[in-house]
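Student: Below is protein.cif; it holds mmCIF, C-alpha atoms and all ligand atoms.
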data_query
loop_
_atom_site.label_atom_id
_atom_site.label_comp_id
_atom_site.auth_asym_id
_atom_site.auth_seq_id
_atom_site.Cartn_x
_atom_site.Cartn_y
_atom_site.Cartn_z
CA MET A 15 0.00 0.00 0.00
CA SER A 16 1.25 3.49 -0.81
CA LEU A 17 1.58 6.29 1.70
CA LEU A 18 1.00 8.97 -0.93
CA VAL A 19 -0.62 8.74 -4.36
CA THR A 20 -1.20 11.50 -6.90
CA LYS A 21 -3.67 10.80 -9.66
CA GLU A 22 -3.35 12.67 -12.94
CA LEU A 23 -2.07 15.75 -11.11
CA VAL A 24 -1.91 18.87 -13.29
CA LYS A 25 -0.43 22.36 -12.88
CA TYR A 26 0.00 24.76 -15.79
CA PHE A 27 1.58 28.21 -15.62
CA GLY A 28 0.29 29.80 -18.82
CA ASP A 29 1.76 27.69 -21.60
CA THR A 30 4.17 25.89 -19.27
CA HIS A 31 2.99 22.39 -18.40
CA ALA A 32 4.89 22.28 -15.10
CA VAL A 33 3.11 19.15 -13.86
CA ASP A 34 1.26 17.30 -16.56
CA HIS A 35 -1.00 14.40 -15.51
CA VAL A 36 1.45 13.00 -12.98
CA ASN A 37 0.80 9.70 -11.18
CA PHE A 38 3.37 9.75 -8.41
CA THR A 39 3.60 7.47 -5.37
CA VAL A 40 5.60 7.29 -2.18
CA LYS A 41 5.58 4.02 -0.26
CA HIS A 42 5.77 3.44 3.48
CA ARG A 43 9.29 3.56 4.90
CA GLU A 44 11.15 4.39 1.72
CA VAL A 45 13.76 6.90 0.70
CA LEU A 46 12.77 8.10 -2.73
CA ALA A 47 14.81 10.37 -4.99
CA LEU A 48 13.03 12.75 -7.34
CA ILE A 49 15.33 13.71 -10.19
CA GLY A 50 15.07 15.71 -13.40
CA SER A 51 16.76 18.60 -15.17
CA ASN A 52 16.08 22.25 -14.33
CA GLY A 53 12.43 23.11 -14.91
CA ALA A 54 11.30 19.45 -15.03
CA GLY A 55 8.53 20.15 -12.49
CA LYS A 56 9.99 18.64 -9.32
CA THR A 57 9.48 21.61 -7.01
CA THR A 58 6.04 22.29 -8.48
CA LEU A 59 5.01 18.70 -7.74
CA VAL A 60 6.13 19.13 -4.12
CA ASN A 61 4.40 22.53 -3.92
CA LEU A 62 1.14 20.90 -5.03
CA ILE A 63 1.47 18.01 -2.57
CA SER A 64 2.33 20.31 0.34
CA GLY A 65 -0.56 22.62 -0.52
CA LEU A 66 1.30 25.77 -1.51
CA PHE A 67 -1.00 26.20 -4.45
CA PRO A 68 -3.98 24.29 -5.82
CA PRO A 69 -3.67 21.92 -8.79
CA ASP A 70 -5.51 22.58 -12.05
CA GLY A 71 -6.64 18.96 -12.05
CA GLY A 72 -6.16 15.58 -10.45
CA GLN A 73 -6.13 14.24 -6.93
CA ILE A 74 -3.76 13.81 -4.00
CA LEU A 75 -4.37 10.92 -1.61
CA PHE A 76 -2.39 10.66 1.61
CA ARG A 77 -2.91 7.54 3.75
CA ASP A 78 -6.00 6.84 1.64
CA ARG A 79 -7.50 10.24 2.46
CA ASP A 80 -8.19 12.85 -0.25
CA VAL A 81 -6.13 15.92 0.75
CA THR A 82 -6.32 17.68 -2.64
CA HIS A 83 -8.14 20.68 -1.15
CA GLU A 84 -6.74 20.53 2.36
CA SER A 85 -4.90 23.61 3.75
CA VAL A 86 -1.13 23.61 4.28
CA HIS A 87 -1.72 23.22 8.02
CA GLY A 88 -4.18 20.40 7.46
CA ARG A 89 -1.57 18.55 5.43
CA ILE A 90 1.09 19.11 8.09
CA GLU A 91 -1.32 17.70 10.66
CA ALA A 92 -1.97 14.74 8.36
CA GLY A 93 1.81 14.11 8.31
CA ILE A 94 3.29 15.83 5.25
CA ALA A 95 6.23 18.21 5.83
CA ARG A 96 8.73 19.74 3.47
CA SER A 97 11.90 21.80 3.33
CA PHE A 98 12.50 24.45 0.71
CA GLN A 99 15.02 24.72 -2.13
CA LEU A 100 16.44 27.77 -0.31
CA VAL A 101 16.75 27.32 3.45
CA ASN A 102 13.91 28.69 5.52
CA LEU A 103 15.47 29.63 8.87
CA PHE A 104 15.35 32.56 11.28
CA ASP A 105 19.03 33.55 11.05
CA GLN A 106 18.88 35.83 14.11
CA LEU A 107 17.56 33.04 16.34
CA SER A 108 19.59 30.17 17.73
CA ALA A 109 19.44 26.70 16.20
CA LEU A 110 17.48 25.55 19.28
CA ASP A 111 14.99 28.46 19.01
CA ASN A 112 14.35 27.63 15.35
CA ILE A 113 13.31 24.10 16.31
CA ALA A 114 11.34 25.20 19.39
CA LEU A 115 9.32 27.70 17.33
CA THR A 116 8.42 24.95 14.89
CA ILE A 117 7.26 22.69 17.72
CA PHE A 118 5.16 25.53 19.11
CA SER A 119 3.51 26.26 15.79
CA ARG A 120 2.90 22.53 15.26
CA ASP A 121 1.12 22.36 18.59
CA HIS A 122 -0.81 25.62 17.95
CA LYS A 123 0.77 27.18 21.02
CA THR A 124 2.20 30.30 19.38
CA LYS A 125 -0.88 32.38 20.22
CA LYS A 126 -0.18 31.83 23.92
CA LEU A 127 3.52 32.53 23.56
CA VAL A 128 4.58 35.93 24.88
CA SER A 129 8.26 35.28 24.34
CA LEU A 130 10.31 32.19 23.62
CA ALA A 131 11.50 32.38 27.24
CA SER A 132 7.94 31.55 28.34
CA ALA A 133 7.96 28.26 26.44
CA ASP A 134 7.50 25.22 28.65
CA GLY A 135 10.29 22.77 29.41
CA ALA A 136 8.89 19.91 27.36
CA VAL A 137 9.27 21.98 24.20
CA TRP A 138 12.93 22.71 24.90
CA ASP A 139 13.58 19.06 25.71
CA GLU A 140 11.97 17.97 22.46
CA ALA A 141 13.81 20.68 20.47
CA TYR A 142 17.12 19.59 21.96
CA GLU A 143 16.34 15.96 21.15
CA VAL A 144 15.65 16.88 17.50
CA LEU A 145 19.00 18.70 17.31
CA ARG A 146 20.70 15.68 18.86
CA LEU A 147 19.17 13.34 16.27
CA PHE A 148 20.66 15.52 13.54
CA GLY A 149 24.03 15.79 15.29
CA LEU A 150 23.54 19.51 15.87
CA ASP A 151 23.25 19.59 19.67
CA ALA A 152 26.66 21.21 20.04
CA LYS A 153 25.34 24.09 17.93
CA ALA A 154 22.13 24.58 19.93
CA ARG A 155 23.03 28.08 21.17
CA MET A 156 24.61 29.33 17.96
CA LEU A 157 22.65 31.63 15.69
CA ALA A 158 21.22 29.82 12.68
CA GLY A 159 22.90 32.45 10.52
CA GLY A 160 26.29 31.65 12.03
CA VAL A 161 26.67 27.90 11.53
CA SER A 162 28.35 26.37 8.47
CA GLN A 163 26.44 25.96 5.23
CA GLY A 164 26.25 22.18 5.68
CA GLU A 165 24.89 22.64 9.20
CA ARG A 166 22.33 25.17 7.94
CA LYS A 167 21.06 22.64 5.42
CA LEU A 168 20.80 20.00 8.15
CA LEU A 169 19.08 22.44 10.52
CA ASP A 170 16.57 23.23 7.79
CA VAL A 171 15.78 19.52 7.46
CA ALA A 172 15.57 19.27 11.27
CA VAL A 173 12.98 22.09 11.30
CA ALA A 174 10.80 20.17 8.83
CA TYR A 175 11.37 16.98 10.83
CA ALA A 176 10.23 18.76 14.03
CA LEU A 177 6.74 18.85 12.51
CA LYS A 178 6.65 15.07 13.14
CA PRO A 179 5.84 14.07 9.57
CA LYS A 180 5.16 10.63 8.20
CA LEU A 181 6.42 11.88 4.83
CA LEU A 182 9.23 14.38 4.56
CA PHE A 183 9.88 16.18 1.26
CA LEU A 184 13.36 17.64 0.94
CA ASP A 185 14.04 20.04 -1.91
CA GLU A 186 17.76 19.73 -2.68
CA PRO A 187 19.15 19.15 0.83
CA THR A 188 22.74 19.07 -0.46
CA SER A 189 22.66 22.01 -2.89
CA GLY A 190 25.18 24.75 -2.22
CA VAL A 191 27.47 22.60 -0.05
CA SER A 192 30.86 21.14 -0.96
CA THR A 193 31.05 17.58 -2.31
CA ARG A 194 32.81 16.60 0.93
CA GLU A 195 29.84 17.78 3.04
CA LYS A 196 27.17 15.96 1.01
CA ALA A 197 27.75 12.43 2.37
CA PRO A 198 27.56 13.41 6.06
CA ILE A 199 24.32 15.33 5.39
CA MET A 200 22.76 12.40 3.54
CA ASP A 201 24.04 9.86 6.11
CA THR A 202 22.38 11.83 8.89
CA VAL A 203 19.12 12.52 7.07
CA THR A 204 18.61 8.98 5.83
CA SER A 205 19.52 7.42 9.18
CA VAL A 206 16.93 9.60 10.96
CA VAL A 207 14.30 8.77 8.34
CA ARG A 208 15.02 5.05 8.48
CA SER A 209 15.29 4.79 12.25
CA MET A 210 12.01 6.68 12.73
CA GLY A 211 10.19 4.50 10.19
CA ILE A 212 9.03 7.46 8.09
CA SER A 213 9.41 8.11 4.35
CA ALA A 214 11.40 10.77 2.56
CA ALA A 215 11.12 12.07 -0.99
CA ILE A 216 14.32 13.93 -1.83
CA ILE A 217 14.83 16.20 -4.82
CA GLU A 218 18.46 15.88 -5.78
CA HIS A 219 20.69 16.73 -8.74
CA ASP A 220 23.87 14.95 -7.68
CA MET A 221 23.60 11.48 -9.22
CA ASP A 222 26.17 9.94 -6.85
CA VAL A 223 23.97 10.99 -3.93
CA VAL A 224 20.85 9.75 -5.73
CA PHE A 225 22.27 6.30 -6.50
CA ASN A 226 23.93 5.87 -3.10
CA TYR A 227 21.05 6.77 -0.83
CA SER A 228 17.70 6.00 -2.45
CA ASP A 229 15.55 2.87 -2.53
CA ARG A 230 13.64 4.09 -5.57
CA ILE A 231 14.08 6.87 -8.11
CA VAL A 232 11.42 8.83 -9.99
CA ALA A 233 12.70 10.83 -12.96
CA MET A 234 10.71 13.78 -14.28
CA HIS A 235 11.03 15.52 -17.62
CA GLN A 236 8.96 18.42 -18.93
CA GLY A 237 6.23 17.95 -16.34
CA THR A 238 5.81 14.20 -16.77
CA ILE A 239 7.29 11.08 -15.20
CA LEU A 240 9.94 9.70 -17.50
CA ALA A 241 10.92 6.68 -15.40
CA ASP A 242 10.27 5.10 -12.01
CA GLY A 243 12.39 2.26 -10.64
CA THR A 244 15.20 1.00 -8.44
CA PRO A 245 18.63 2.66 -8.72
CA ASP A 246 19.78 -0.26 -10.93
CA GLU A 247 16.77 0.05 -13.22
CA ILE A 248 17.22 3.81 -13.52
CA ARG A 249 20.94 3.45 -14.20
CA ARG A 250 20.10 1.15 -17.13
CA ASN A 251 17.12 3.16 -18.38
CA GLU A 252 17.90 4.47 -21.85
CA ALA A 253 15.48 7.42 -21.71
CA VAL A 254 16.98 8.59 -18.41
CA ARG A 255 20.54 8.14 -19.68
CA THR A 256 19.97 10.25 -22.76
CA THR A 257 17.74 12.89 -21.17
CA LEU A 258 19.17 13.31 -17.71
CA ILE A 259 22.32 11.64 -16.61
CA GLY A 260 24.60 13.48 -19.01
CA THR A 261 23.27 16.85 -17.82
CA ALA A 262 22.35 16.29 -14.18
CA ASP A 263 25.80 16.81 -12.70
CA ALA A 264 26.19 20.12 -14.46
CA HIS A 265 23.93 21.75 -11.87
N1 LIG B 1 5.10 30.19 -9.72
C1 LIG B 1 5.41 29.97 -10.99
N2 LIG B 1 4.95 30.78 -11.98
C2 LIG B 1 5.25 30.55 -13.28
N3 LIG B 1 5.98 29.51 -13.71
C3 LIG B 1 6.46 28.66 -12.80
C4 LIG B 1 6.20 28.84 -11.39
N4 LIG B 1 6.81 27.82 -10.71
C5 LIG B 1 7.41 27.07 -11.63
N5 LIG B 1 7.21 27.56 -12.87
C6 LIG B 1 7.69 26.96 -14.13
O1 LIG B 1 7.30 25.59 -14.10
C7 LIG B 1 8.34 24.75 -14.63
C8 LIG B 1 8.74 23.74 -13.57
O2 LIG B 1 9.45 24.43 -12.55
P1 LIG B 1 9.96 23.74 -11.22
O3 LIG B 1 10.46 24.81 -10.32
O4 LIG B 1 8.91 22.85 -10.70
O5 LIG B 1 11.17 22.86 -11.77
P2 LIG B 1 12.26 22.00 -10.99
O6 LIG B 1 12.22 20.64 -11.57
O7 LIG B 1 12.09 22.15 -9.54
O8 LIG B 1 13.62 22.70 -11.47
P3 LIG B 1 14.99 23.01 -10.66
O9 LIG B 1 15.80 21.74 -10.73
O10 LIG B 1 15.65 24.10 -11.47
O11 LIG B 1 14.67 23.44 -9.28
C9 LIG B 1 9.46 25.70 -15.06
O12 LIG B 1 9.30 25.97 -16.44
C10 LIG B 1 9.21 26.94 -14.23
O13 LIG B 1 9.70 28.09 -14.88
MG MG B 2 13.23 22.94 -8.00
#
What would the structure in this file look like if it were written as structure tokens?
Ligand SMILES: Nc1ncnc2c1ncn2[C@@H]1O[C@H](COP(=O)(O)OP(=O)(O)OP(=O)(O)O)[C@@H](O)[C@H]1O
Ligand SMILES: [Mg+2]
Tutor:
Amino acid sequence: MSLLVTKELVKYFGDTHAVDHVNFTVKHREVLALIGSNGAGKTTLVNLISGLFPPDGGQILFRDRDVTHESVHGRIEAGIARSFQLVNLFDQLSALDNIALTIFSRDHKTKKLVSLASADGAVWDEAYEVLRLFGLDAKARMLAGGVSQGERKLLDVAVAYALKPKLLFLDEPTSGVSTREKAPIMDTVTSVVRSMGISAAIIEHDMDVVFNYSDRIVAMHQGTILADGTPDEIRRNEAVRTTLIGTADAH
């Protein structure tokens, strides 16, 4: 049984068929890579699933429930969280505060919050635990704007993870970091995802990362799904080889 299913999902921007009748699935407990050249429709697909804007057609089912017209908050409550292609952090707050704020907003407590100092102990304990899971506990008191780029990317994933999702969408978690920093980021992210028994759908351009870390790969091209299979199947897929693999690393 699938965790998430899209049926004939459509989003057009004028003449651009950004997402064109896409049937996309994410299974329980899998790490899925979503690949495709620039403009293929990857971010738009995630925007539709996370509720940032409505589709022009089709359906989104999450845990067998139709969430096509659900609000962003409703989808977060259902268990869908995402990070953004550009990190989405409060740079003037500490790493710990960034996580704590997310936990507060998840629990609808922000209205009662006069200042972060008035937050209750359980929130700080949970925030610290999230940082620990991501290996960032030593950075808890540092400003989010002051940690290294690799740590910022991890902190951004940790913020999405603090929403307690069943499905975590990550839009290019290793973009903008050195090749050396990519493996530790992916090791951490995939070990959290696997140990917590959740699923992740990761948009990624670096094919070494894609082949090393994913159980399944979905390749998009011009708004449609070009291929869907295991890393071995995708490696051998002629359409993917000619359309994507030659160009993907150029990003
Ligand atoms: N809000 C928008 N308004 C108009 N056109 C858009 C909008 N968002 C995306 N597009 C267009 O839709 C197409 C798909 O874009 P999308 O951002 O989904 O691609 P992508 O696969 O994420 O690419 P990249 O790898 O560069 O991030 C592109 O042609 C893009 O220009
Ligand atoms: Mg994108």
Student: Could the residues that lie within 10 Å of ligand LIG 1 (chain B), counting all atoms listed in the file, be listed as JSON, numbers by chain?
Tutor: {"A": [25, 26, 27, 28, 29, 30, 31, 32, 33, 48, 49, 50, 51, 52, 53, 54, 55, 56, 57, 58, 59, 60, 61, 62, 67, 99, 185, 186, 217, 218, 219, 233, 234, 235, 236, 237, 262, 265]}
Student: Between CA of Pro245 (chain A) and CA of Leu184 (chain A), what is the distance, to one decimal in Å?
Tutor: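 Those two atoms sit 18.6 Å apart.
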Student: Hey, which of A:Pro179, A:Pro187, A:Met156, A:Ile94 ends up closest to ligand MG 2 (chain B)? Count all atoms listed in the file.
Tutor: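 Smallest distance to ligand MG 2 (chain B) is found for A:Pro187.
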Student: Work out how far CA of Ala241 (chain A) is from CA of Thr257 (chain A), in Å to one decimal.
Tutor: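 That distance, rounded to one decimal, is 10.9 Å.
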Student: Separation of CA of Lys178 (chain A) and CA of Ile90 (chain A), in Å?
Tutor: 8.5 Å
Student: Could you check which of A:Leu181, A:Thr82, A:Ala174, A:Arg146 is closest to Leu115 (chain A), using all atoms listed in the file?
Tutor: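 Distance minimum relative to Leu115 (chain A) lands on A:Ala174.
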Student: Quick one: residues within 12 Å of Glu84 (chain A), all atoms listed in the file, excluding same-chain residues fewer than 3 positions away - as a list of chain:residue names?
Tutor: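 Surrounding residues, per the criterion: A:Leu62, A:Ile63, A:Ser64, A:Gly65, A:Leu66, A:Phe67, A:Pro68, A:Pro69, A:Gln73, A:Ile74, A:Leu75, A:Phe76, A:Arg79, A:Asp80, A:Val81, A:His87, A:Gly88, A:Arg89, A:Ile90, A:Glu91, A:Ala92, A:Ile94.
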Student: What's around Gln163 (chain A) at 10 Å? Count all atoms listed in the file, leave out sequence neighbours fewer than 2 positions away in its own chain, and write the answer as a list in words.
Tutor: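 So the residues in contact are Val101, Ala158, Gly159, Gly160, Val161, Glu165, Arg166, Lys167, Leu168, Leu169, Thr188, Ser189, Gly190, Val191, Ser192 and Glu195 of chain A.
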Student: Could you check the closest approach to ligand MG 2 (chain B) for each of A:Ala154, A:Ile216, A:Val24, A:Val36 and tell me which residue wins, using only C-alpha atoms and all ligand atoms?
Tutor: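 Distance minimum relative to ligand MG 2 (chain B) lands on A:Ile216.
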Student: Counting all atoms listed in the file, which residue out of A:Asn102, A:Met200, A:Arg96, A:Leu17 sits closest to Arg43 (chain A)?
Tutor: A:Leu17
Student: Which residue gives the smallest distance to ligand MG 2 (chain B) among A:Leu100, A:Val86, A:Ala47, A:Ile199, with all atoms listed in the file counted?
Tutor: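 Of all the options, A:Leu100 lies closest to ligand MG 2 (chain B).
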Student: Using only C-alpha atoms, can you list as a compact mmCIF listing (two decimals) with C-alpha atoms, in the frame of the given file the residues within 7 Å of (19.0, 21.7, 16.8)?
Tutor:
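Below you can see out18.txt, which holds the result:
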# COMPACT_ATOMS: atom_id res chain seq x y z
CA ALA A 109 19.44 26.70 16.20
CA LEU A 110 17.48 25.55 19.28
CA ILE A 113 13.31 24.10 16.31
CA ALA A 141 13.81 20.68 20.47
CA TYR A 142 17.12 19.59 21.96
CA VAL A 144 15.65 16.88 17.50
CA LEU A 145 19.00 18.70 17.31
CA ARG A 146 20.70 15.68 18.86
CA LEU A 150 23.54 19.51 15.87
CA ASP A 151 23.25 19.59 19.67
CA LYS A 153 25.34 24.09 17.93
CA ALA A 154 22.13 24.58 19.93
CA LEU A 169 19.08 22.44 10.52
CA ALA A 172 15.57 19.27 11.27
Student: For ligand MG 2 (chain B), which residue among A:Gly72, A:Asp111, A:Trp138, A:Phe183 is the nearest when counting all atoms listed in the file?
Tutor: A:Phe183
Student: So that I can check the surroundings of Phe38 (chain A), please list as a list in words every protein, DNA and RNA residue that reaches within 9 Å of it, counting only C-alpha atoms and ignoring chain neighbours fewer than 3 positions away.
Tutor: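 Everything that qualifies: Leu18, Val19, Thr20, Lys21, Glu22, Leu23, Val232 and Ile239 of chain A.
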Student: Compile the contact shell of Leu182 (chain A) as an MDAnalysis selection string: residues with an atom at most 10 Å away, counting all atoms listed in the file, same-chain residues fewer than 6 positions apart removed.
Tutor: chainID A and resid 45 93:97 171 174:175 207 212:216
